[in-house]
Amino acid sequence: MPRERTVGAPLAVVLSLLTVFGPISMDLYLPVLPALTADLGSATSTAQLTVTACLFGLALGQLIAGPLSDRFGRRHPLLIGVVAYVGTSVLCAASPTVEALVAARFVQGLAGGVGVVIAQAAGRDLYSGSRLLRYYGRLTVLAGLAAIVGPVLGGQLASVTDWRGIFLCLAAIGVLILAACLLVFRETLPAELRSTGGLAQTGRDMRRLLSDRVFLGAVLVTGFVSAALFAYLSGATFLLQEVYGLSPQGYSYAFGLNSLGFMIFGFAAGRASERWSEKGTLIAGLVMCASGAGGLLTTATLHLPLIAVVLSLFTMVSGVAVTTPPTTSMALAGYPDVAGTASSFLGVARFAFGGLAAPLVGLGGSSAVPLGLVTVGGAVLAAVAYALSIRTGLTRAGTAPTARVAVEQPVH
């Protein structure tokens, strides 16, 4: 069984910084997307592919980096990924056409996915039991914070530079994280605990994970609630500004409120999972997500006032945050030997499901109903995945989620 090690403040900060790769890569340049579209003479739909390409890159990057980190350790794949992130950010800034930018964004996502998956896997190397739940709660808070800071910082940078300068800023952020990793990050996966056997062993590890109903359910729940979240990120601008007439400043307030809810409820979910019940916390999150999505669909159908939209979005986004710590813990707690591979499945579910759902909200033209339908669909499918996989798997195993964590408690 893994021995929990002391984690100093510098390493904790670096692990936290690694979680911002995904959100900051997505959010920082969104304020300059219209200017980018005009500058490159691109259609809006083509320019939107730069967002989709990054999402799929983040998903695939985690799927590749997770198993590699189980085999070769966390540090070397992480350093390679951060160096590649810096280089591809510069390529994004130098892209002469939108097609070249889409390709560069995909590779940037691949490199950024390395940091995201290793932050989760290294946490599993270092923590267990209640401290593991607390750690994943903090990661959820940081993801929400990055979602708030990213667009705001991007908007401020847009006043002093163009879209190419934004990507150079991403490269500079990558350089700072690289320096922090070189100075602070030491290997968290000892050589004797690493996976051996090459691709054949990786395939066996993946089959072992996917044959676990609880693990598979946690991945599916993560994917479906992420689909609802990314639908919100894609469609909320249109809904709040064009349908309800909010100014960009008013939209930023609404966005900030939802991100604040994500942070607060994500933190609370980590503590609730630790002190109360992982299963109960997950159910509460699913109920919140479904209630908010249902309220959003009702609001869009009946053209209810703005306050109904804001409350519905806040409830749904906060519900997604509540599901994050328990599903992450359920997926990783039982697999310290392949934490990287297990983390990669979670990352693929988050970004691939989100990337598939985001374009669907635009199919209704001027109607906000598709956004309601997509979010309701994600919430309902997440509940079905819980009922058929997690709940059934735990019942058949005759154990509670907290018990799966308890057997991993360190030996002192």
# chains A, B, ... in the order shown; residues from 1 in each chain; ligands from 1
$ residues_around --residues "segment 251-264 of chain A" --least-positions-apart "5" --cutoff "10 Å" --atoms "only C-alpha atoms" --output "PyMOL selection string"
chain A and resi 137-149+151-152+233+236-241+245-246+269+310-311+313-322
$ write_last_selection --atoms "N, CA and C atoms" --output "mmCIF file, in the first residue's frame"
data_model
loop_
_atom_site.group_PDB
_atom_site.id
_atom_site.type_symbol
_atom_site.label_atom_id
_atom_site.label_comp_id
_atom_site.auth_asym_id
_atom_site.auth_seq_id
_atom_site.Cartn_x
_atom_site.Cartn_y
_atom_site.Cartn_z
ATOM 1 N N GLY A 137 -10.747 18.476 -3.888
ATOM 2 C CA GLY A 137 -11.588 19.638 -3.659
ATOM 3 C C GLY A 137 -10.857 20.930 -3.978
ATOM 4 N N ARG A 138 -9.576 21.010 -3.582
ATOM 5 C CA ARG A 138 -8.785 22.203 -3.880
ATOM 6 C C ARG A 138 -8.576 22.379 -5.379
ATOM 7 N N LEU A 139 -8.351 21.269 -6.086
ATOM 8 C CA LEU A 139 -8.190 21.365 -7.536
ATOM 9 C C LEU A 139 -9.450 21.918 -8.187
ATOM 10 N N THR A 140 -10.610 21.515 -7.684
ATOM 11 C CA THR A 140 -11.868 22.027 -8.223
ATOM 12 C C THR A 140 -11.975 23.529 -7.992
ATOM 13 N N VAL A 141 -11.584 23.981 -6.800
ATOM 14 C CA VAL A 141 -11.601 25.414 -6.499
ATOM 15 C C VAL A 141 -10.681 26.171 -7.454
ATOM 16 N N LEU A 142 -9.490 25.625 -7.693
ATOM 17 C CA LEU A 142 -8.543 26.310 -8.570
ATOM 18 C C LEU A 142 -9.033 26.356 -10.006
ATOM 19 N N ALA A 143 -9.700 25.298 -10.453
ATOM 20 C CA ALA A 143 -10.267 25.318 -11.799
ATOM 21 C C ALA A 143 -11.305 26.422 -11.928
ATOM 22 N N GLY A 144 -12.131 26.592 -10.890
ATOM 23 C CA GLY A 144 -13.111 27.676 -10.898
ATOM 24 C C GLY A 144 -12.448 29.040 -10.872
ATOM 25 N N LEU A 145 -11.384 29.171 -10.077
ATOM 26 C CA LEU A 145 -10.668 30.443 -10.011
ATOM 27 C C LEU A 145 -10.054 30.792 -11.360
ATOM 28 N N ALA A 146 -9.455 29.783 -12.019
ATOM 29 C CA ALA A 146 -8.869 30.022 -13.339
ATOM 30 C C ALA A 146 -9.937 30.440 -14.341
ATOM 31 N N ALA A 147 -11.143 29.867 -14.214
ATOM 32 C CA ALA A 147 -12.238 30.233 -15.119
ATOM 33 C C ALA A 147 -12.667 31.682 -14.907
ATOM 34 N N ILE A 148 -12.535 32.187 -13.679
ATOM 35 C CA ILE A 148 -12.857 33.594 -13.418
ATOM 36 C C ILE A 148 -11.746 34.503 -13.939
ATOM 37 N N VAL A 149 -10.511 34.155 -13.586
ATOM 38 C CA VAL A 149 -9.380 35.028 -13.883
ATOM 39 C C VAL A 149 -9.067 35.045 -15.378
ATOM 40 N N PRO A 151 -10.823 34.875 -18.447
ATOM 41 C CA PRO A 151 -11.443 35.875 -19.319
ATOM 42 C C PRO A 151 -11.164 37.318 -18.883
ATOM 43 N N VAL A 152 -11.130 37.554 -17.566
ATOM 44 C CA VAL A 152 -10.861 38.911 -17.082
ATOM 45 C C VAL A 152 -9.456 39.345 -17.473
ATOM 46 N N LEU A 233 -20.656 27.064 -21.142
ATOM 47 C CA LEU A 233 -19.565 27.954 -21.522
ATOM 48 C C LEU A 233 -19.709 28.420 -22.965
ATOM 49 N N ALA A 236 -23.731 30.453 -23.061
ATOM 50 C CA ALA A 236 -24.194 31.472 -22.112
ATOM 51 C C ALA A 236 -23.995 32.886 -22.630
ATOM 52 N N THR A 237 -22.926 33.113 -23.392
ATOM 53 C CA THR A 237 -22.698 34.451 -23.937
ATOM 54 C C THR A 237 -23.883 34.891 -24.795
ATOM 55 N N PHE A 238 -24.303 34.011 -25.705
ATOM 56 C CA PHE A 238 -25.453 34.320 -26.567
ATOM 57 C C PHE A 238 -26.717 34.500 -25.737
ATOM 58 N N LEU A 239 -26.952 33.588 -24.814
ATOM 59 C CA LEU A 239 -28.183 33.625 -24.042
ATOM 60 C C LEU A 239 -28.295 34.916 -23.231
ATOM 61 N N LEU A 240 -27.236 35.286 -22.524
ATOM 62 C CA LEU A 240 -27.310 36.413 -21.613
ATOM 63 C C LEU A 240 -27.190 37.763 -22.319
ATOM 64 N N GLN A 241 -26.390 37.816 -23.376
ATOM 65 C CA GLN A 241 -26.181 39.104 -24.032
ATOM 66 C C GLN A 241 -27.188 39.356 -25.154
ATOM 67 N N GLY A 245 -30.121 40.676 -23.285
ATOM 68 C CA GLY A 245 -29.659 42.048 -23.434
ATOM 69 C C GLY A 245 -28.640 42.522 -22.417
ATOM 70 N N LEU A 246 -27.931 41.625 -21.766
ATOM 71 C CA LEU A 246 -26.892 42.061 -20.834
ATOM 72 C C LEU A 246 -25.723 42.679 -21.594
ATOM 73 N N ALA A 269 -17.794 20.390 -1.438
ATOM 74 C CA ALA A 269 -17.976 18.983 -1.814
ATOM 75 C C ALA A 269 -16.802 18.132 -1.366
ATOM 76 N N VAL A 310 -30.322 33.197 -14.329
ATOM 77 C CA VAL A 310 -29.131 33.289 -13.475
ATOM 78 C C VAL A 310 -29.154 32.221 -12.388
ATOM 79 N N LEU A 311 -30.287 32.047 -11.738
ATOM 80 C CA LEU A 311 -30.383 31.033 -10.680
ATOM 81 C C LEU A 311 -30.221 29.630 -11.236
ATOM 82 N N LEU A 313 -28.549 28.696 -13.995
ATOM 83 C CA LEU A 313 -27.150 28.487 -14.358
ATOM 84 C C LEU A 313 -26.283 28.305 -13.117
ATOM 85 N N PHE A 314 -26.524 29.116 -12.101
ATOM 86 C CA PHE A 314 -25.746 29.010 -10.869
ATOM 87 C C PHE A 314 -25.914 27.625 -10.235
ATOM 88 N N THR A 315 -27.155 27.132 -10.187
ATOM 89 C CA THR A 315 -27.417 25.822 -9.593
ATOM 90 C C THR A 315 -26.757 24.712 -10.387
ATOM 91 N N MET A 316 -26.856 24.786 -11.707
ATOM 92 C CA MET A 316 -26.281 23.738 -12.535
ATOM 93 C C MET A 316 -24.757 23.712 -12.442
ATOM 94 N N VAL A 317 -24.127 24.883 -12.579
ATOM 95 C CA VAL A 317 -22.664 24.949 -12.536
ATOM 96 C C VAL A 317 -22.152 24.511 -11.161
ATOM 97 N N SER A 318 -22.809 24.939 -10.099
ATOM 98 C CA SER A 318 -22.412 24.518 -8.755
ATOM 99 C C SER A 318 -22.589 23.021 -8.577
ATOM 100 N N GLY A 319 -23.646 22.453 -9.172
ATOM 101 C CA GLY A 319 -23.851 21.009 -9.110
ATOM 102 C C GLY A 319 -22.736 20.238 -9.789
ATOM 103 N N VAL A 320 -22.266 20.745 -10.928
ATOM 104 C CA VAL A 320 -21.125 20.107 -11.594
ATOM 105 C C VAL A 320 -19.911 20.095 -10.672
ATOM 106 N N ALA A 321 -19.677 21.213 -9.984
ATOM 107 C CA ALA A 321 -18.550 21.292 -9.058
ATOM 108 C C ALA A 321 -18.685 20.282 -7.922
ATOM 109 N N VAL A 322 -19.899 20.096 -7.420
ATOM 110 C CA VAL A 322 -20.111 19.159 -6.311
ATOM 111 C C VAL A 322 -19.806 17.725 -6.731
#
$ residues_around --residues "Leu78 of chain A" --least-positions-apart "3" --cutoff "12 Å" --atoms "only C-alpha atoms" --output "ChimeraX atom specification"
/A:14-15,18,21,61-62,64-66,68-70,72-75,81-85,110-119,121-122,174,177-178,180-182,185-188,340
$ write_last_selection --atoms "N, CA and C atoms" --output "CSV table (one decimal), in the first residue's frame"
chain,number,residue,atom,x,y,z
A,14,VAL,N,3.0,24.1,-6.9
A,14,VAL,CA,3.3,23.7,-8.3
A,14,VAL,C,2.2,22.7,-8.8
A,15,LEU,N,1.8,21.8,-8.0
A,15,LEU,CA,0.7,20.9,-8.4
A,15,LEU,C,-0.6,21.7,-8.7
A,18,LEU,N,-0.3,23.4,-12.1
A,18,LEU,CA,-0.5,22.5,-13.2
A,18,LEU,C,-1.9,22.3,-13.6
A,21,PHE,N,-3.5,24.7,-16.6
A,21,PHE,CA,-3.2,24.5,-18.0
A,21,PHE,C,-4.4,24.5,-18.9
A,61,GLY,N,-4.1,14.4,-25.2
A,61,GLY,CA,-2.9,14.6,-24.4
A,61,GLY,C,-2.9,13.8,-23.1
A,62,GLN,N,-4.0,13.9,-22.4
A,62,GLN,CA,-4.1,13.2,-21.1
A,62,GLN,C,-4.1,11.6,-21.4
A,64,ILE,N,-2.6,10.0,-23.6
A,64,ILE,CA,-1.2,9.6,-23.9
A,64,ILE,C,-0.3,9.7,-22.7
A,65,ALA,N,-0.4,10.9,-22.0
A,65,ALA,CA,0.5,11.2,-20.9
A,65,ALA,C,0.3,10.3,-19.7
A,66,GLY,N,-1.0,10.0,-19.4
A,66,GLY,CA,-1.3,9.2,-18.2
A,66,GLY,C,-0.5,7.8,-18.2
A,68,LEU,N,2.0,6.9,-20.0
A,68,LEU,CA,3.5,7.1,-20.0
A,68,LEU,C,4.0,7.5,-18.7
A,69,SER,N,3.2,8.3,-17.9
A,69,SER,CA,3.7,8.7,-16.6
A,69,SER,C,3.7,7.5,-15.6
A,70,ASP,N,2.8,6.5,-15.8
A,70,ASP,CA,2.8,5.3,-15.0
A,70,ASP,C,4.0,4.5,-15.3
A,72,PHE,N,7.1,5.7,-16.9
A,72,PHE,CA,8.4,6.4,-16.8
A,72,PHE,C,8.5,7.4,-15.7
A,73,GLY,N,7.5,7.5,-14.9
A,73,GLY,CA,7.4,8.4,-13.8
A,73,GLY,C,6.8,9.7,-14.2
A,74,ARG,N,6.5,10.5,-13.2
A,74,ARG,CA,5.7,11.8,-13.5
A,74,ARG,C,6.6,12.9,-14.0
A,75,ARG,N,7.9,13.0,-13.5
A,75,ARG,CA,8.6,14.2,-13.8
A,75,ARG,C,9.0,14.4,-15.2
A,81,GLY,N,6.2,17.9,-21.6
A,81,GLY,CA,4.9,18.5,-21.9
A,81,GLY,C,4.9,20.0,-21.8
A,82,VAL,N,5.6,20.5,-20.7
A,82,VAL,CA,5.6,21.9,-20.5
A,82,VAL,C,6.4,22.6,-21.5
A,83,VAL,N,7.6,22.0,-21.9
A,83,VAL,CA,8.4,22.6,-22.9
A,83,VAL,C,7.7,22.6,-24.3
A,84,ALA,N,7.0,21.5,-24.6
A,84,ALA,CA,6.2,21.5,-25.8
A,84,ALA,C,5.1,22.6,-25.8
A,85,TYR,N,4.5,22.8,-24.6
A,85,TYR,CA,3.4,23.8,-24.4
A,85,TYR,C,4.0,25.2,-24.8
A,110,LEU,N,-2.6,19.1,-26.7
A,110,LEU,CA,-1.9,17.9,-26.4
A,110,LEU,C,-0.9,18.1,-25.3
A,111,ALA,N,-0.1,19.2,-25.4
A,111,ALA,CA,1.0,19.4,-24.4
A,111,ALA,C,0.4,19.9,-23.1
A,112,GLY,N,-0.7,20.7,-23.1
A,112,GLY,CA,-1.3,21.1,-21.9
A,112,GLY,C,-2.0,20.0,-21.1
A,113,GLY,N,-2.4,19.0,-21.8
A,113,GLY,CA,-3.1,17.8,-21.2
A,113,GLY,C,-2.1,17.1,-20.2
A,114,VAL,N,-0.8,17.2,-20.5
A,114,VAL,CA,0.2,16.5,-19.7
A,114,VAL,C,0.2,17.1,-18.3
A,115,GLY,N,0.2,18.4,-18.2
A,115,GLY,CA,0.1,19.0,-16.8
A,115,GLY,C,-1.1,18.6,-16.0
A,116,VAL,N,-2.3,18.6,-16.7
A,116,VAL,CA,-3.5,18.4,-16.1
A,116,VAL,C,-3.6,17.0,-15.5
A,117,VAL,N,-3.2,16.0,-16.3
A,117,VAL,CA,-3.3,14.6,-15.8
A,117,VAL,C,-2.2,14.3,-14.7
A,118,ILE,N,-1.1,14.9,-14.8
A,118,ILE,CA,0.0,14.6,-13.8
A,118,ILE,C,-0.3,15.3,-12.5
A,119,ALA,N,-1.0,16.4,-12.5
A,119,ALA,CA,-1.5,17.0,-11.3
A,119,ALA,C,-2.4,16.1,-10.5
A,121,ALA,N,-2.6,12.7,-11.0
A,121,ALA,CA,-1.9,11.4,-10.7
A,121,ALA,C,-0.9,11.6,-9.6
A,122,ALA,N,-0.2,12.7,-9.6
A,122,ALA,CA,0.8,13.0,-8.5
A,122,ALA,C,0.1,13.2,-7.2
A,174,GLY,N,3.8,29.4,-19.5
A,174,GLY,CA,4.4,28.1,-19.6
A,174,GLY,C,5.9,28.1,-19.1
A,177,ILE,N,5.9,28.2,-15.3
A,177,ILE,CA,5.6,26.8,-14.7
A,177,ILE,C,6.7,25.9,-15.0
A,178,LEU,N,7.4,26.0,-16.1
A,178,LEU,CA,8.6,25.1,-16.4
A,178,LEU,C,9.6,25.3,-15.3
A,180,ALA,N,9.3,26.5,-12.3
A,180,ALA,CA,8.8,26.0,-11.0
A,180,ALA,C,8.9,24.5,-11.0
A,181,CYS,N,8.6,23.8,-12.1
A,181,CYS,CA,8.7,22.4,-12.1
A,181,CYS,C,10.2,21.9,-12.0
A,182,LEU,N,11.1,22.6,-12.6
A,182,LEU,CA,12.5,22.3,-12.6
A,182,LEU,C,13.1,22.5,-11.2
A,185,PHE,N,9.5,20.4,-8.5
A,185,PHE,CA,8.9,19.1,-8.7
A,185,PHE,C,9.9,18.0,-8.7
A,186,ARG,N,9.8,17.1,-7.7
A,186,ARG,CA,10.6,15.9,-7.7
A,186,ARG,C,9.7,14.7,-8.0
A,187,GLU,N,10.3,13.6,-8.4
A,187,GLU,CA,9.5,12.5,-8.8
A,187,GLU,C,8.7,12.0,-7.6
A,188,THR,N,7.4,11.8,-7.9
A,188,THR,CA,6.4,11.3,-6.9
A,188,THR,C,6.1,9.8,-7.0
A,340,GLY,N,-2.0,7.4,-13.3
A,340,GLY,CA,-1.9,8.2,-14.5
A,340,GLY,C,-2.8,7.7,-15.5
$ closest_residue --among "A:Arg350, A:Leu373, A:Ile24, A:Pro31" --to "Thr298 of chain A" --atoms "only C-alpha atoms"
A:Leu373
$ select_by_dssp --residues "segment 207-313 of chain A" --states "alpha helix (DSSP H)" --output "PyMOL selection string"
chain A and resi 207-210+213-237+248-275+278-302+306-313
$ closest_residue --among "A:Ala387, A:Ile307, A:Ala43, A:Ala231" --to "Leu286 of chain A" --atoms "only C-alpha atoms"
A:Ala387
$ residues_around --residues "Gly372 of chain A" --least-positions-apart "6" --cutoff "9 Å" --atoms "only C-alpha atoms" --output "VMD selection string"
chain A and resid 231 293 to 301 361
$ atom_distance --atom1 "atom CA of Gly280 of chain A" --atom2 "atom CA of Pro336 of chain A"
23.8 Å
$ atom_distance --atom1 "atom CA of Val160 of chain A" --atom2 "atom CA of Gln249 of chain A"
18.5 Å
$ closest_residue --among "A:Ala179, A:Leu60, A:Val380, A:Ala158" --to "Tyr29 of chain A" --atoms "only C-alpha atoms"
A:Ala158
$ residues_around --residues "segment 201-204 of chain A" --least-positions-apart "2" --cutoff "12 Å" --atoms "only C-alpha atoms" --output "list in words"
Leu63, Ile64, Ala65, Gly66, Pro67, Leu68, Ser69, Asp70, Arg71, Arg194, Ser195, Thr196, Gly197, Gly198, Leu199, Met206, Arg207, Arg208, Leu209, Leu210, Ser211, Asp337, Val338, Gly340, Thr341 and Ala342 of chain A
$ residues_around --residues "Val51 of chain A" --least-positions-apart "5" --cutoff "10 Å" --atoms "only C-alpha atoms" --output "ChimeraX atom specification"
/A:25-27,29-30,33,46,56-57,102,105-106,109,234,355,358
$ closest_residue --among "A:Val13, A:Leu91, A:Leu388, A:Leu101" --to "Thr50 of chain A" --atoms "only C-alpha atoms"
A:Leu101
$ atom_distance --atom1 "atom CA of Pro34 of chain A" --atom2 "atom CA of Asp162 of chain A"
11.1 Å
$ residues_around --residues "Pro96 of chain A" --least-positions-apart "3" --cutoff "12 Å" --atoms "only C-alpha atoms" --output "ChimeraX atom specification"
/A:36,39-42,91-93,99-104,164
